[in-house]
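To be precise, the following lines are input-v2.txt, and they hold compact mmCIF, C-alpha atoms and all ligand atoms.
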# COMPACT_ATOMS: atom_id res chain seq x y z
CA MET F 132 38.30 10.09 -4.14
CA ARG F 133 39.85 7.61 -6.47
CA ARG F 134 41.72 8.17 -9.63
CA PHE F 135 40.20 6.49 -12.61
CA PRO F 136 41.84 4.72 -15.49
CA ARG F 137 40.76 7.04 -18.28
CA GLY F 138 43.30 9.69 -17.28
CA ARG F 139 46.19 7.28 -17.03
CA ARG F 140 45.39 5.73 -20.39
CA THR F 141 45.24 9.02 -22.18
CA ALA F 142 48.29 10.35 -20.36
CA THR F 143 50.43 7.50 -21.61
CA ALA F 144 48.90 7.64 -25.09
CA ALA F 145 49.91 11.22 -25.59
CA THR F 146 53.54 12.14 -25.08
CA VAL F 147 52.75 15.79 -24.92
CA LEU F 148 49.17 16.06 -23.80
CA THR F 149 48.52 19.72 -23.65
CA LEU F 150 45.84 22.02 -22.40
CA ALA F 151 45.28 25.69 -22.30
CA LEU F 152 44.51 26.37 -18.71
CA ALA F 153 43.83 29.18 -16.40
CA LEU F 154 46.14 32.16 -16.62
CA ALA F 155 46.19 33.02 -12.97
CA THR F 156 48.32 35.91 -11.90
CA GLY F 157 47.30 36.07 -8.28
CA THR F 158 47.08 33.74 -5.36
CA GLN F 159 44.14 32.62 -3.31
CA ALA F 160 45.86 32.88 0.03
CA THR F 161 47.10 36.45 -0.20
CA ALA F 162 45.93 39.65 -1.80
CA ALA F 163 46.34 39.23 -5.52
CA PRO F 164 48.73 41.42 -7.48
CA ASP F 165 47.02 44.03 -9.59
CA ALA F 166 46.71 42.36 -12.99
CA SER F 167 45.71 45.60 -14.69
CA ALA F 168 48.40 47.89 -13.25
CA PRO F 169 50.05 50.00 -15.94
CA ALA F 170 53.54 48.85 -14.94
CA ALA F 171 52.60 45.16 -14.90
CA ALA F 172 55.59 42.86 -14.81
CA THR F 173 56.57 40.98 -17.93
CA VAL F 174 54.43 37.89 -18.39
CA ARG F 175 55.99 34.86 -20.03
CA GLN F 176 55.70 31.11 -20.17
CA TYR F 177 57.70 28.71 -17.98
CA GLN F 178 57.99 24.96 -17.98
CA VAL F 179 57.43 23.45 -14.53
CA ASP F 180 58.98 20.01 -14.17
CA GLY F 181 57.84 17.27 -11.82
CA VAL F 182 54.12 18.06 -12.10
CA ALA F 183 52.69 14.80 -13.38
CA THR F 184 49.32 13.93 -11.85
CA ALA F 185 45.93 15.60 -11.79
CA GLU F 186 46.35 16.10 -8.05
CA GLN F 187 49.69 17.83 -8.58
CA ARG F 188 48.23 20.03 -11.31
CA THR F 189 45.27 20.92 -9.11
CA ALA F 190 47.68 21.85 -6.30
CA LEU F 191 49.64 24.09 -8.66
CA ALA F 192 46.47 25.70 -10.03
CA ARG F 193 45.30 26.35 -6.46
CA THR F 194 48.27 28.64 -5.90
CA GLY F 195 46.66 30.88 -8.52
CA THR F 196 49.25 29.98 -11.13
CA ALA F 197 48.70 30.01 -14.86
CA ILE F 198 48.91 26.61 -16.54
CA ASP F 199 48.78 26.63 -20.33
CA GLU F 200 49.83 23.13 -21.35
CA ILE F 201 50.08 19.70 -19.78
CA GLY F 202 52.85 17.26 -20.58
CA ALA F 203 53.53 13.77 -19.25
CA ASP F 204 55.45 15.01 -16.18
CA SER F 205 55.55 18.76 -16.62
CA VAL F 206 53.29 21.70 -17.36
CA VAL F 207 53.73 25.04 -19.08
CA ILE F 208 52.53 28.02 -17.10
CA THR F 209 52.18 31.72 -17.75
CA ALA F 210 53.47 33.91 -14.97
CA ASP F 211 55.02 37.26 -14.23
CA GLU F 212 58.39 37.45 -12.49
CA ALA F 213 56.91 37.80 -9.02
CA ASP F 214 54.73 34.73 -9.52
CA ALA F 215 57.69 32.80 -10.87
CA GLU F 216 59.75 33.69 -7.80
CA ARG F 217 56.91 32.80 -5.49
CA LEU F 218 56.54 29.38 -7.13
CA THR F 219 60.27 28.75 -6.98
CA GLY F 220 60.06 29.60 -3.28
CA LEU F 221 57.34 26.99 -2.92
CA GLY F 222 59.74 24.41 -4.33
CA TYR F 223 58.60 24.33 -7.96
CA ASP F 224 61.24 23.78 -10.65
CA LEU F 225 60.77 26.50 -13.31
CA THR F 226 62.54 26.97 -16.64
CA ALA F 227 61.79 30.09 -18.69
CA LEU F 228 60.62 29.46 -22.25
CA THR F 229 60.97 31.67 -25.29
CA ALA F 230 57.77 33.08 -26.76
CA PRO F 231 55.61 30.78 -28.91
CA THR F 232 56.47 32.89 -31.96
CA GLU F 233 60.19 32.23 -31.53
CA ARG F 234 59.71 28.55 -30.69
CA GLY F 235 57.52 27.95 -33.72
CA GLY F 236 59.64 29.94 -36.14
CA PRO F 237 58.40 32.66 -38.48
CA GLY F 238 54.70 32.55 -39.21
CA ALA F 239 53.87 30.44 -36.17
CA ALA F 240 51.73 33.10 -34.57
CA ALA F 241 48.94 35.39 -35.66
CA ALA F 242 48.41 39.11 -36.03
CA PRO F 243 45.16 40.53 -34.63
CA ALA F 244 43.86 41.05 -38.18
CA ASP F 245 44.08 37.29 -38.80
CA TYR F 246 40.79 36.82 -36.92
CA HIS F 247 37.34 38.34 -37.30
CA THR F 248 36.82 41.25 -34.96
CA TYR F 249 33.66 41.45 -32.89
CA ALA F 250 32.08 43.83 -35.44
CA GLU F 251 33.14 41.64 -38.35
CA THR F 252 31.68 38.63 -36.58
CA LEU F 253 28.28 40.28 -36.24
CA ALA F 254 28.49 41.43 -39.86
CA ALA F 255 29.13 37.84 -40.97
CA VAL F 256 26.09 36.70 -39.00
CA ASP F 257 23.97 39.41 -40.60
CA ALA F 258 25.20 38.42 -44.06
CA ALA F 259 24.34 34.77 -43.47
CA GLU F 260 20.89 35.75 -42.29
CA ALA F 261 20.33 37.95 -45.33
CA ALA F 262 21.53 35.22 -47.70
CA HIS F 263 19.55 32.40 -46.02
CA PRO F 264 16.45 33.89 -44.41
CA ASP F 265 14.71 30.51 -44.28
CA LEU F 266 17.65 28.92 -42.44
CA VAL F 267 19.18 31.59 -40.23
CA SER F 268 17.69 33.87 -37.61
CA SER F 269 19.76 35.85 -35.12
CA GLN F 270 18.64 37.55 -31.96
CA VAL F 271 20.26 39.70 -29.31
CA ILE F 272 19.96 37.78 -26.05
CA GLY F 273 21.50 40.47 -23.82
CA GLN F 274 24.48 42.71 -23.28
CA SER F 275 27.99 42.36 -21.95
CA TYR F 276 29.29 44.46 -19.04
CA GLU F 277 30.40 47.20 -21.45
CA GLY F 278 27.08 47.04 -23.30
CA ARG F 279 27.94 45.01 -26.36
CA ASP F 280 25.27 42.75 -27.80
CA ILE F 281 25.53 39.03 -27.14
CA VAL F 282 23.97 37.32 -30.14
CA ALA F 283 22.44 33.87 -30.57
CA VAL F 284 22.03 32.54 -34.09
CA LYS F 285 19.44 29.89 -34.81
CA VAL F 286 20.05 27.62 -37.81
CA SER F 287 17.33 25.20 -38.86
CA ALA F 288 14.94 24.48 -41.68
CA ASP F 289 11.82 26.61 -41.20
CA VAL F 290 13.90 28.71 -38.85
CA GLY F 291 11.02 31.03 -38.05
CA VAL F 292 9.01 28.24 -36.43
CA ASP F 293 9.84 26.80 -33.01
CA GLU F 294 9.41 23.18 -34.04
CA ASP F 295 9.46 20.33 -31.58
CA GLU F 296 12.96 19.18 -32.49
CA PRO F 297 16.06 18.53 -30.40
CA GLU F 298 18.02 21.74 -29.97
CA VAL F 299 21.82 21.87 -29.91
CA LEU F 300 23.82 24.77 -28.49
CA PHE F 301 27.34 25.82 -29.41
CA THR F 302 29.02 28.50 -27.28
CA HIS F 303 32.29 30.18 -28.18
CA ASN F 304 34.85 32.60 -26.81
CA GLN F 305 34.10 32.52 -23.07
CA HIS F 306 37.81 33.23 -22.82
CA ALA F 307 38.81 36.43 -24.57
CA ARG F 308 42.09 35.34 -26.16
CA GLU F 309 40.68 32.14 -27.67
CA HIS F 310 39.88 33.80 -31.00
CA LEU F 311 39.99 30.61 -33.05
CA THR F 312 36.72 29.60 -31.36
CA VAL F 313 34.87 32.52 -32.97
CA GLU F 314 36.15 31.32 -36.32
CA MET F 315 34.71 27.92 -35.41
CA ALA F 316 31.25 29.48 -34.97
CA LEU F 317 31.48 31.21 -38.34
CA TYR F 318 32.69 28.00 -39.96
CA THR F 319 29.71 26.06 -38.60
CA LEU F 320 27.33 28.78 -39.73
CA THR F 321 28.82 28.83 -43.23
CA GLU F 322 29.02 25.07 -43.53
CA LEU F 323 25.45 24.39 -42.41
CA THR F 324 23.94 27.10 -44.57
CA SER F 325 26.00 26.36 -47.69
CA GLN F 326 25.47 22.59 -47.49
CA TYR F 327 21.75 22.58 -46.72
CA GLY F 328 20.00 21.17 -49.77
CA THR F 329 23.30 19.91 -51.15
CA ASP F 330 24.82 17.58 -48.57
CA PRO F 331 22.28 14.90 -47.55
CA GLU F 332 23.56 14.60 -43.98
CA VAL F 333 23.49 18.35 -43.31
CA THR F 334 20.08 18.59 -44.96
CA ALA F 335 18.61 15.78 -42.85
CA LEU F 336 20.06 17.24 -39.65
CA LEU F 337 18.78 20.76 -40.26
CA ASP F 338 15.38 19.27 -41.11
CA THR F 339 15.23 17.57 -37.71
CA ARG F 340 17.34 19.71 -35.35
CA GLU F 341 17.47 23.31 -34.21
CA VAL F 342 21.00 24.66 -33.86
CA TRP F 343 21.95 27.64 -31.68
CA LEU F 344 25.33 29.35 -32.12
CA ILE F 345 26.59 31.99 -29.71
CA PRO F 346 29.73 33.15 -31.58
CA THR F 347 31.10 35.20 -28.69
CA VAL F 348 30.04 34.94 -25.07
CA ASN F 349 32.69 37.49 -24.07
CA PRO F 350 32.68 40.35 -26.59
CA ASP F 351 34.32 42.87 -24.22
CA GLY F 352 37.19 40.51 -23.57
CA LYS F 353 37.59 39.77 -27.26
CA VAL F 354 37.73 43.46 -28.17
CA HIS F 355 40.18 44.14 -25.34
CA ASP F 356 42.46 41.33 -26.43
CA GLN F 357 42.34 41.96 -30.17
CA GLU F 358 41.89 45.65 -30.84
CA SER F 359 44.73 47.51 -29.12
CA GLY F 360 47.26 46.78 -31.88
CA SER F 361 48.72 43.63 -30.37
CA PHE F 362 47.29 40.69 -28.49
CA ARG F 363 47.17 40.97 -24.69
CA SER F 364 46.72 37.35 -23.58
CA TRP F 365 43.48 38.39 -21.83
CA ARG F 366 41.23 35.61 -20.54
CA LYS F 367 38.42 37.06 -18.41
CA ASN F 368 35.56 39.46 -19.02
CA ARG F 369 36.09 43.19 -18.46
CA GLU F 370 33.96 43.82 -15.42
CA PRO F 371 35.61 45.83 -12.63
CA ASN F 372 35.82 44.20 -9.20
CA SER F 373 34.74 46.23 -6.20
CA GLY F 374 37.52 46.78 -3.71
CA SER F 375 40.20 45.90 -6.24
CA SER F 376 41.84 47.53 -9.22
CA ALA F 377 42.02 44.14 -10.92
CA VAL F 378 39.53 43.69 -13.74
CA GLY F 379 37.55 40.67 -14.79
CA THR F 380 35.85 37.42 -13.89
CA ASP F 381 36.74 34.06 -15.42
CA LEU F 382 33.37 33.30 -17.00
CA ASN F 383 34.12 29.58 -16.99
CA ARG F 384 34.31 29.62 -13.19
CA ASN F 385 31.15 31.73 -12.74
CA TRP F 386 28.35 29.22 -13.53
CA ALA F 387 25.82 28.37 -10.87
CA TYR F 388 26.48 24.73 -10.05
CA GLU F 389 28.74 24.03 -7.05
CA TRP F 390 30.19 27.50 -7.60
CA GLY F 391 33.52 27.81 -5.79
CA CYS F 392 32.99 24.46 -4.13
CA CYS F 393 36.19 22.59 -4.58
CA GLY F 394 39.35 24.62 -4.96
CA GLY F 395 38.88 24.74 -8.72
CA SER F 396 38.74 28.53 -8.99
CA SER F 397 40.18 31.57 -7.28
CA GLY F 398 38.59 34.03 -4.85
CA SER F 399 41.15 36.72 -5.72
CA PRO F 400 40.07 39.31 -8.30
CA GLY F 401 43.63 39.49 -9.62
CA SER F 402 43.65 35.82 -10.56
CA ASP F 403 42.78 34.77 -14.07
CA THR F 404 40.59 32.05 -12.59
CA TYR F 405 38.65 34.52 -10.42
CA ARG F 406 35.21 33.02 -9.94
CA GLY F 407 33.38 36.35 -9.50
CA ALA F 408 31.41 37.77 -6.57
CA GLY F 409 28.75 35.07 -6.84
CA PRO F 410 27.29 32.51 -9.21
CA GLU F 411 26.25 34.22 -12.47
CA SER F 412 27.61 37.52 -11.14
CA ALA F 413 29.11 38.29 -14.54
CA PRO F 414 26.57 39.81 -16.94
CA GLU F 415 27.72 37.54 -19.76
CA THR F 416 27.19 34.38 -17.71
CA GLY F 417 23.75 35.56 -16.68
CA VAL F 418 22.74 36.39 -20.25
CA VAL F 419 23.66 32.95 -21.55
CA ALA F 420 22.19 31.15 -18.53
CA ASP F 421 18.92 33.07 -18.96
CA PHE F 422 18.89 32.16 -22.64
CA VAL F 423 19.35 28.48 -21.76
CA ARG F 424 16.61 28.62 -19.11
CA GLY F 425 14.42 30.28 -21.73
CA ARG F 426 14.65 27.15 -23.85
CA VAL F 427 12.57 25.26 -21.30
CA VAL F 428 9.27 24.84 -23.15
CA GLY F 429 6.32 23.10 -21.53
CA GLY F 430 8.53 22.17 -18.59
CA GLU F 431 11.12 20.49 -20.81
CA GLN F 432 14.58 21.77 -21.68
CA GLN F 433 14.70 21.74 -25.48
CA ILE F 434 18.50 21.85 -25.68
CA THR F 435 19.87 18.35 -25.37
CA ALA F 436 23.52 18.69 -26.35
CA HIS F 437 26.21 21.37 -26.26
CA ILE F 438 29.82 22.14 -27.06
CA ASP F 439 31.73 25.03 -25.49
CA PHE F 440 34.66 25.86 -27.75
CA HIS F 441 38.01 26.85 -26.23
CA THR F 442 41.69 26.80 -27.18
CA TYR F 443 44.14 25.17 -26.87
CA GLY F 444 45.15 21.53 -26.34
CA GLU F 445 43.14 19.43 -28.87
CA LEU F 446 40.91 17.84 -26.25
CA VAL F 447 37.31 16.70 -25.92
CA LEU F 448 36.23 17.17 -22.29
CA TRP F 449 33.09 16.29 -20.35
CA PRO F 450 31.73 16.67 -16.78
CA TYR F 451 32.26 16.68 -13.99
CA GLY F 452 35.08 19.13 -13.45
CA HIS F 453 34.51 19.70 -9.74
CA THR F 454 35.33 16.12 -8.69
CA TYR F 455 37.72 13.43 -9.82
CA ALA F 456 34.99 10.85 -9.32
CA ASP F 457 33.48 9.13 -12.36
CA THR F 458 30.00 9.29 -10.85
CA ALA F 459 28.60 11.83 -8.40
CA PRO F 460 25.22 13.34 -7.52
CA GLY F 461 23.44 14.00 -10.80
CA LEU F 462 25.89 11.91 -12.84
CA THR F 463 25.14 8.20 -12.94
CA ALA F 464 27.26 5.44 -14.42
CA ASP F 465 24.96 5.41 -17.47
CA ASP F 466 25.32 9.18 -17.86
CA ALA F 467 29.09 8.85 -17.64
CA ALA F 468 29.02 6.02 -20.19
CA ALA F 469 27.05 8.19 -22.61
CA PHE F 470 29.44 11.12 -22.13
CA GLU F 471 32.46 8.92 -22.71
CA ALA F 472 30.96 7.16 -25.75
CA LEU F 473 29.80 10.33 -27.46
CA GLY F 474 32.95 12.26 -26.50
CA THR F 475 35.13 9.45 -27.81
CA ALA F 476 33.14 9.24 -31.05
CA MET F 477 33.68 12.94 -31.64
CA ALA F 478 37.37 12.67 -30.75
CA ASP F 479 37.74 9.78 -33.19
CA SER F 480 36.77 12.15 -35.99
CA ASN F 481 39.00 15.11 -35.12
CA GLY F 482 41.96 13.36 -33.50
CA TYR F 483 41.57 15.17 -30.18
CA THR F 484 42.13 13.42 -26.85
CA PRO F 485 38.88 12.52 -25.04
CA GLN F 486 38.63 12.65 -21.24
CA GLN F 487 36.65 13.83 -18.24
CA SER F 488 37.78 17.39 -17.56
CA SER F 489 38.96 16.64 -14.01
CA ASP F 490 41.48 14.18 -15.46
CA LEU F 491 43.42 17.38 -16.05
CA TYR F 492 42.74 19.22 -12.79
CA ILE F 493 39.79 20.31 -10.71
CA THR F 494 37.56 23.18 -11.81
CA ASP F 495 34.36 24.49 -10.28
CA GLY F 496 31.74 26.78 -11.80
CA SER F 497 32.34 25.61 -15.38
CA ILE F 498 29.61 25.80 -17.99
CA ASN F 499 29.77 22.03 -18.53
CA ASP F 500 28.96 21.19 -14.91
CA TRP F 501 26.05 23.67 -14.82
CA LEU F 502 24.53 22.66 -18.15
CA TRP F 503 24.63 19.01 -17.19
CA ALA F 504 23.71 19.10 -13.51
CA ASP F 505 21.17 21.93 -13.65
CA GLN F 506 19.74 21.61 -17.16
CA GLY F 507 20.34 17.98 -18.13
CA ILE F 508 22.24 18.94 -21.28
CA PHE F 509 25.04 16.71 -22.58
CA SER F 510 27.68 19.40 -22.41
CA PHE F 511 31.23 19.07 -23.77
CA THR F 512 34.24 21.35 -24.05
CA PHE F 513 36.44 21.24 -27.13
CA GLU F 514 39.96 22.57 -26.70
CA MET F 515 40.93 23.38 -30.28
CA TYR F 516 44.30 23.60 -32.05
CA PRO F 517 47.18 23.67 -31.30
CA THR F 518 48.61 21.19 -28.81
CA SER F 519 51.43 23.49 -27.73
CA GLY F 520 53.09 26.85 -27.93
CA ALA F 521 55.01 25.62 -30.96
CA GLY F 522 51.78 25.88 -32.95
CA GLY F 523 51.24 29.43 -31.78
CA GLY F 524 49.53 28.76 -28.45
CA PHE F 525 46.48 30.99 -28.15
CA TYR F 526 47.44 32.78 -31.36
CA PRO F 527 48.03 30.38 -34.24
CA PRO F 528 48.38 32.01 -37.66
CA GLY F 529 45.37 32.74 -39.78
CA SER F 530 46.62 30.23 -42.33
CA VAL F 531 45.43 27.36 -40.10
CA ILE F 532 41.88 28.63 -39.53
CA ASP F 533 40.21 26.79 -42.42
CA ARG F 534 41.95 23.52 -41.61
CA GLU F 535 41.38 23.68 -37.86
CA THR F 536 37.72 24.68 -38.01
CA SER F 537 36.74 22.20 -40.73
CA ARG F 538 38.58 19.57 -38.70
CA ASN F 539 35.57 19.65 -36.37
CA ARG F 540 32.94 19.22 -39.10
CA GLU F 541 32.27 15.55 -38.40
CA ALA F 542 32.31 16.03 -34.63
CA VAL F 543 29.69 18.77 -34.88
CA LEU F 544 27.52 16.62 -37.12
CA THR F 545 27.99 13.68 -34.75
CA LEU F 546 26.68 15.75 -31.85
CA LEU F 547 23.69 16.81 -33.94
CA THR F 548 23.08 13.20 -34.90
CA TYR F 549 22.94 12.03 -31.28
CA ALA F 550 20.98 15.04 -30.06
CA ASP F 551 17.76 13.02 -30.06
CA CYS F 552 19.21 10.72 -27.37
CA ALA F 553 22.87 10.78 -26.38
CA TYR F 554 22.57 7.47 -24.53
CA ARG F 555 22.34 5.80 -27.95
CA ALA F 556 26.08 6.47 -28.35
CA ALA F 557 26.68 4.04 -25.46
CA GLY F 558 24.19 1.42 -26.69
CA LEU F 559 21.70 2.38 -23.98
CA GLU F 560 18.82 3.21 -26.32
CA ALA F 561 16.57 0.46 -24.94
CA GLU F 562 16.83 2.01 -21.48
CA TYR F 563 16.72 5.71 -22.35
CA CYS F 564 15.60 6.37 -25.93
CA ALA F 565 12.07 5.01 -26.05
CA ALA F 566 10.05 6.95 -28.59
C1 LIG I 601 40.59 26.81 -21.14
C2 LIG I 601 40.79 25.55 -20.31
C3 LIG I 601 39.52 25.15 -19.62
C4 LIG I 601 39.31 26.06 -18.43
C5 LIG I 601 39.58 23.70 -19.21
C6 LIG I 601 38.25 23.18 -18.75
C7 LIG I 601 37.19 23.08 -19.61
C8 LIG I 601 38.07 22.83 -17.46
C9 LIG I 601 35.97 22.59 -19.17
C10 LIG I 601 36.85 22.39 -17.01
C11 LIG I 601 35.80 22.25 -17.87
O1 LIG I 601 40.62 27.88 -20.59
O2 LIG I 601 40.38 26.73 -22.34
O3 LIG I 601 40.18 26.12 -17.57
O4 LIG I 601 38.28 26.70 -18.38
CA CA I 602 12.14 23.80 -30.53
ZN ZN I 603 39.29 28.63 -22.46

What does the file become when written as structure tokens?
Amino acid sequence: MRRFPRGRRTATAATVLTLALALATGTQATAAPDASAPAAATVRQYQVDGVATAEQRTALARTGTAIDEIGADSVVITADEADAERLTGLGYDLTALTAPTERGGPGAAAAPADYHTYAETLAAVDAAEAAHPDLVSSQVIGQSYEGRDIVAVKVSADVGVDEDEPEVLFTHNQHAREHLTVEMALYTLTELTSQYGTDPEVTALLDTREVWLIPTVNPDGKVHDQESGSFRSWRKNREPNSGSSAVGTDLNRNWAYEWGCCGGSSGSPGSDTYRGAGPESAPETGVVADFVRGRVVGGEQQITAHIDFHTYGELVLWPYGHTYADTAPGLTADDAAAFEALGTAMADSNGYTPQQSSDLYITDGSINDWLWADQGIFSFTFEMYPTSGAGGGFYPPGSVIDRETSRNREAVLTLLTYADCAYRAAGLEAEYCAA
């Protein structure tokens, strides 16, 4: 498979191109260490030098190693001492880093109370629905492993009617520790409802689109990470794994397209990129996938466009993740052109770096690949603020929430705008957007 120019361009454009990656504490080749053992070794971040290409990053990720940020010729990983020693033994060049809080100075990182809890999130949804009954309607679409409700919120004019309008889905918080993404959902909900009837663009879009927000796909993981008194850097869901004491599946490796195909996930339950026992094995993945399948009306998928919000790295990503190739089965050159044009338009508004997700490293079983290949939905991932640990990593301070959620206002509205026909973003309306 060939490398393609997009990755090289963006890599040179950004001195410190960063990405929050998989926190993988185990290895694929051997039995994984028990990630949930009470006496778990100290986990910290390390810089790994000499890792410069997507192939090199994929090779590192395949050892089950955590990679949090990507630089021009290095990465930042999260590892315990045993993993660090193992990697050094494999020839990797590791340097221990101080915690993001210390690197960023006082106030660089958050306290758990800086972010809405799961209960507060649902309360905010209920309040919006009560204040705007004509615009907002929420429904429980299923339960997490531990039995918490997973909620989808519809926002549209005449919300009680299933009108024949393009539908746009926003998913948030697949990864437990990425709390800023839940704030993004609440921002979008507040912005759309408060600006309807006031802002002409928002009004026109809610008159012609149906928006679905799923503020947390992983409520058990969120509660686990946020509500013990201090953050735990937890990524996965909280489902036990049979035959292992290690808990959790990486939901963003558990989707049912080319699941586990390509070395872009781990088969070890102790890894933070554990792909699960099978496609959609995690209850949370199944609930959201069933919801999406339920939006097929009259044989046609109503949802046309989607963003899955993550942190961190300030990136706009699109499929495929399971191959480096620009085009592949189910992804034509025109499809790729539309993804790049729309992704770049959104990135122009928020200052993120746009690229195909495999420019970073290979993943399989991601939500983007499934939504595109299986459901035909133009599906993006946004990696939100910050770009590095200096901004607080997964836990930036609450003082940045307003700025970093509203930063995506135009990008969200751009996606809604093109939801009638994403090919229009690439000038392909004559071919694909006939009325
Ligand atoms: C994250 C990083 C994210 C992941 C990168 C990615 C997104 C890869 C979409 C592929 C597709 O955890 O935020 O590793 O899931
Ligand atoms: Ca509809
Ligand atoms: Zn994530």

Could you give me the centre and size, in Å to one decimal, of an axis-aligned box around all listed atoms of segment 439-442 of chain F with 5 Å added on every side, as JSON?
{"center_x": 36.7, "center_y": 25.9, "center_z": -26.6, "size_x": 20.0, "size_y": 11.8, "size_z": 12.3}

*asked:* Counting all atoms listed in the file, what are the residues, protein, DNA or RNA alike, that approach ligand LIG 601 (chain I) to within 9 Å? I want them as a PyMOL selection string.
replied: chain F and resi 150-154+198-199+305-306+309+366+381-384+395+404+439-444+447-453+487-489+491-500+511-515

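Nearest to ligand ZN 603 (chain I) of all the residues F:Glu200, F:Asp211, F:Glu562, F:Glu431 is F:Glu200, counting all atoms listed in the file.
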
Leaving out Gly181 of chain F and any residue of its chain fewer than 5 positions from it, which residues lie within 9 Å of it when counting all atoms listed in the file, given as a PDB file with C-alpha atoms, keeping the file's coordinate frame?
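Once written, out34.pdb looks like this:
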ATOM      1  CA  GLN F 187      49.690  17.830  -8.580  1.00  0.00           C
ATOM      2  CA  ASP F 204      55.450  15.010 -16.180  1.00  0.00           C
ATOM      3  CA  SER F 205      55.550  18.760 -16.620  1.00  0.00           C
ATOM      4  CA  VAL F 206      53.290  21.700 -17.360  1.00  0.00           C
ATOM      5  CA  TYR F 223      58.600  24.330  -7.960  1.00  0.00           C
ATOM      6  CA  ASP F 224      61.240  23.780 -10.650  1.00  0.00           C
TER       7      ASP F 224
END

*Surrounding residues of Asp338 of chain F excluding itself and chain neighbours under 5 positions, 12 Å, only C-alpha atoms, as a ChimeraX atom specification*: /F:265-266,286-290,292,294-298,323,327-328,331-333,547-548

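Going from atom CA of Thr248 of chain F over to atom CA of Arg424 of chain F, you cover 28.6 Å.
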
*With distances taken over all atoms listed in the file, which of F:Leu544, F:Ala244, F:Ala203, F:Trp386 is nearest to Gly529 of chain F?*
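When distances to Gly529 of chain F are compared using all atoms listed in the file, the smallest one comes from F:Ala244.
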